[in-house]
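Chemist: To be precise about what I am sending: the file is called query15.txt and holds compact mmCIF, C-alpha atoms.
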```
# COMPACT_ATOMS: atom_id res chain seq x y z
CA GLN A 1 253.86 135.28 97.81
CA GLU A 2 252.44 134.04 94.55
CA THR A 3 252.40 130.26 94.20
CA HIS A 4 250.77 127.74 91.89
CA SER A 5 248.55 124.85 92.92
CA ALA A 6 246.18 122.72 90.87
CA GLY A 7 247.07 124.76 87.80
CA GLU A 8 245.94 127.99 89.44
CA SER A 9 247.76 131.01 90.82
CA TRP A 10 247.41 131.75 94.55
CA ARG A 11 248.75 134.14 97.15
CA TRP A 12 250.19 131.97 99.90
CA TYR A 13 252.69 132.05 102.71
CA GLY A 14 256.37 132.02 101.79
CA PRO A 15 258.56 128.89 101.62
CA GLU A 16 259.51 129.24 105.29
CA VAL A 17 256.29 127.40 106.19
CA GLU A 18 257.43 124.25 104.41
CA GLU A 19 261.06 124.75 105.46
CA THR A 20 260.07 124.47 109.14
CA LEU A 21 258.32 121.17 108.42
CA VAL A 22 261.05 119.33 106.53
CA GLY A 23 261.53 115.87 108.02
CA LYS A 24 258.35 116.08 110.09
CA ARG A 25 254.94 114.42 109.81
CA ALA A 26 252.03 116.30 111.36
CA ARG A 27 249.12 114.32 112.75
CA LEU A 28 247.01 117.39 113.45
CA VAL A 29 246.85 120.63 111.44
CA PHE A 30 244.66 123.69 112.08
CA ILE A 31 244.02 125.96 109.10
CA ASP A 32 242.78 129.42 110.03
CA GLY A 33 244.49 131.56 107.39
CA PRO A 34 245.27 133.28 105.22
CA PRO A 35 242.31 135.65 105.57
CA GLY A 36 239.52 135.37 103.01
CA SER A 37 240.00 139.02 102.11
CA LEU A 38 243.28 138.08 100.38
CA GLN A 39 241.50 136.36 97.48
CA PRO A 40 238.60 133.97 96.87
CA LEU A 41 239.22 130.49 98.29
CA ALA A 42 242.33 131.84 100.01
CA ARG A 43 242.89 128.75 102.16
CA TYR A 44 242.59 126.24 99.33
CA PRO A 45 246.37 125.79 98.76
CA ALA A 46 246.90 124.67 102.37
CA LEU A 47 246.19 120.99 101.87
CA ARG A 48 248.30 120.66 98.72
CA ARG A 49 251.19 122.62 100.22
CA LEU A 50 251.11 120.74 103.52
CA ALA A 51 250.32 117.24 102.16
CA PRO A 52 253.97 116.13 102.01
CA PHE A 53 254.27 116.84 105.72
CA LEU A 54 251.11 115.04 106.89
CA ALA A 55 251.12 111.70 108.67
CA PRO A 56 249.23 108.95 106.82
CA GLU A 57 246.19 109.33 109.08
CA ALA A 58 246.35 113.06 109.72
CA VAL A 59 243.49 115.22 110.93
CA VAL A 60 243.06 118.61 109.25
CA VAL A 61 240.83 121.19 110.90
CA LEU A 62 239.54 124.04 108.74
CA ASP A 63 237.98 126.95 110.57
CA ASP A 64 235.15 129.21 109.38
CA VAL A 65 233.36 126.69 107.13
CA ALA A 66 230.07 128.51 107.70
CA ARG A 67 231.43 130.97 105.14
CA PRO A 68 230.78 130.04 101.50
CA ASP A 69 234.44 130.10 100.43
CA GLU A 70 235.64 127.83 103.23
CA TRP A 71 232.80 125.40 102.60
CA ALA A 72 233.68 125.38 98.88
CA ILE A 73 237.30 124.63 99.82
CA THR A 74 236.15 121.73 102.01
CA GLU A 75 234.04 120.29 99.20
CA ARG A 76 236.90 120.65 96.74
CA TRP A 77 239.35 118.90 99.06
CA LEU A 78 236.90 116.05 99.54
CA ARG A 79 236.52 115.63 95.77
CA GLU A 80 240.27 115.74 95.20
CA ASP A 81 241.28 113.28 97.93
CA PRO A 82 239.03 110.23 98.42
CA ARG A 83 240.98 109.33 101.57
CA LEU A 84 239.37 112.26 103.40
CA THR A 85 236.26 111.95 105.53
CA LEU A 86 234.36 114.90 106.93
CA GLN A 87 232.92 115.73 110.29
CA ARG A 88 231.28 119.16 110.27
CA ILE A 89 230.73 121.00 113.53
CA ALA A 90 227.97 123.56 113.34
CA HIS A 91 228.54 126.68 115.41
CA GLU A 92 228.78 130.41 114.68
CA LYS A 93 231.70 130.15 112.24
CA GLY A 94 231.65 126.40 111.62
CA THR A 95 234.49 123.89 111.63
CA ALA A 96 235.36 121.07 109.26
CA ILE A 97 237.36 118.15 110.63
CA LEU A 98 238.88 116.18 107.78
CA THR A 99 240.44 112.86 108.64
CA ARG A 100 242.76 111.24 106.14
CA SER A 101 242.97 107.47 106.11
CA SER A 102 245.85 105.55 104.60
```
As structure tokens, please, write out the structure in this file.
Modeler:
Amino acid sequence: QETHSAGESWRWYGPEVEETLVGKRARLVFIDGPPGSLQPLARYPALRRLAPFLAPEAVVVLDDVARPDEWAITERWLREDPRLTLQRIAHEKGTAILTRSS
């Protein structure tokens, strides 16, 4: 569905994603979608949409950061949230582990 985040329009999962998380606080989140073919920076909305459901010191894992779009998303998230620290794991597709401190 179309959604808005950071003043931009995005295609993102429907509201059922957030509805299943109401009242919960995730300590670990893996982001491996939506596919990059959907639009540029397709996974960018994930952190903003899921932020209300993250524990204060959550760990967010973003897959495929060897791809330019996913790396750009990682850099953007780091600029937007100074509580995040990055550990990058280099392998075929790459992984970013972002830890949020309170």
Chemist: Excluding A:Asp81 and its own-chain neighbours fewer than 4 positions away, which residues fall within 9 Å of it when counting all atoms listed in the file? Please give them as a PyMOL selection string.
Modeler: chain A and resi 76-77+100
Chemist: Please, could you write that set of residues out with C-alpha atoms as a PDB file, in the frame of the given file?
Modeler:
```pdb
ATOM      1  CA  ARG A  76     236.900 120.650  96.740  1.00  0.00           C
ATOM      2  CA  TRP A  77     239.350 118.900  99.060  1.00  0.00           C
ATOM      3  CA  ARG A 100     242.760 111.240 106.140  1.00  0.00           C
TER       4      ARG A 100
END
```
Chemist: Just checking: using all atoms listed in the file, which residue out of A:Thr20, A:Val29, A:Tyr13, A:Tyr44 ends up closest to A:Glu80?
Modeler: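 Of A:Thr20, A:Val29, A:Tyr13, A:Tyr44, the one nearest A:Glu80, counting all atoms listed in the file, is A:Tyr44.
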Chemist: Considering only C-alpha atoms, can you say which of A:Ile73, A:Ile97, A:Ile89, A:Ala46 comes closest to A:Leu28?
Modeler: A:Ile97
Chemist: For atom CA of A:Pro35 and atom CA of A:Gly94, determine how far apart the two atoms are, in Å to one decimal place.
Modeler: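 Atom-to-atom, atom CA of A:Pro35 and atom CA of A:Gly94 are spaced 15.4 Å apart.
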Chemist: Calculate how many Å separate atom CA of A:Glu8 from atom CA of A:Pro45, rounding to one decimal.
Modeler: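 Interatomic distance, atom CA of A:Glu8 to atom CA of A:Pro45: 9.6 Å.
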Chemist: Go through A:Leu78, A:Asp63, A:Pro68, A:Leu84 and flag the residue nearest A:Asp32, using all atoms listed in the file for the distances.
Modeler: A:Asp63
Chemist: Restricting the calculation to all atoms listed in the file: of A:Phe30, A:Trp12, A:Ala58, A:Arg83, which residue gets closest to A:Ala96?
Modeler: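 For A:Ala96, the nearest of the candidates is A:Phe30.
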Chemist: Please tell me which residues are no farther than 12 Å from (250.6, 129.0, 93.5) in the file, counting all atoms listed in the file, and write them as a PyMOL selection string.
Modeler: chain A and resi 1-15+42-46+48-49
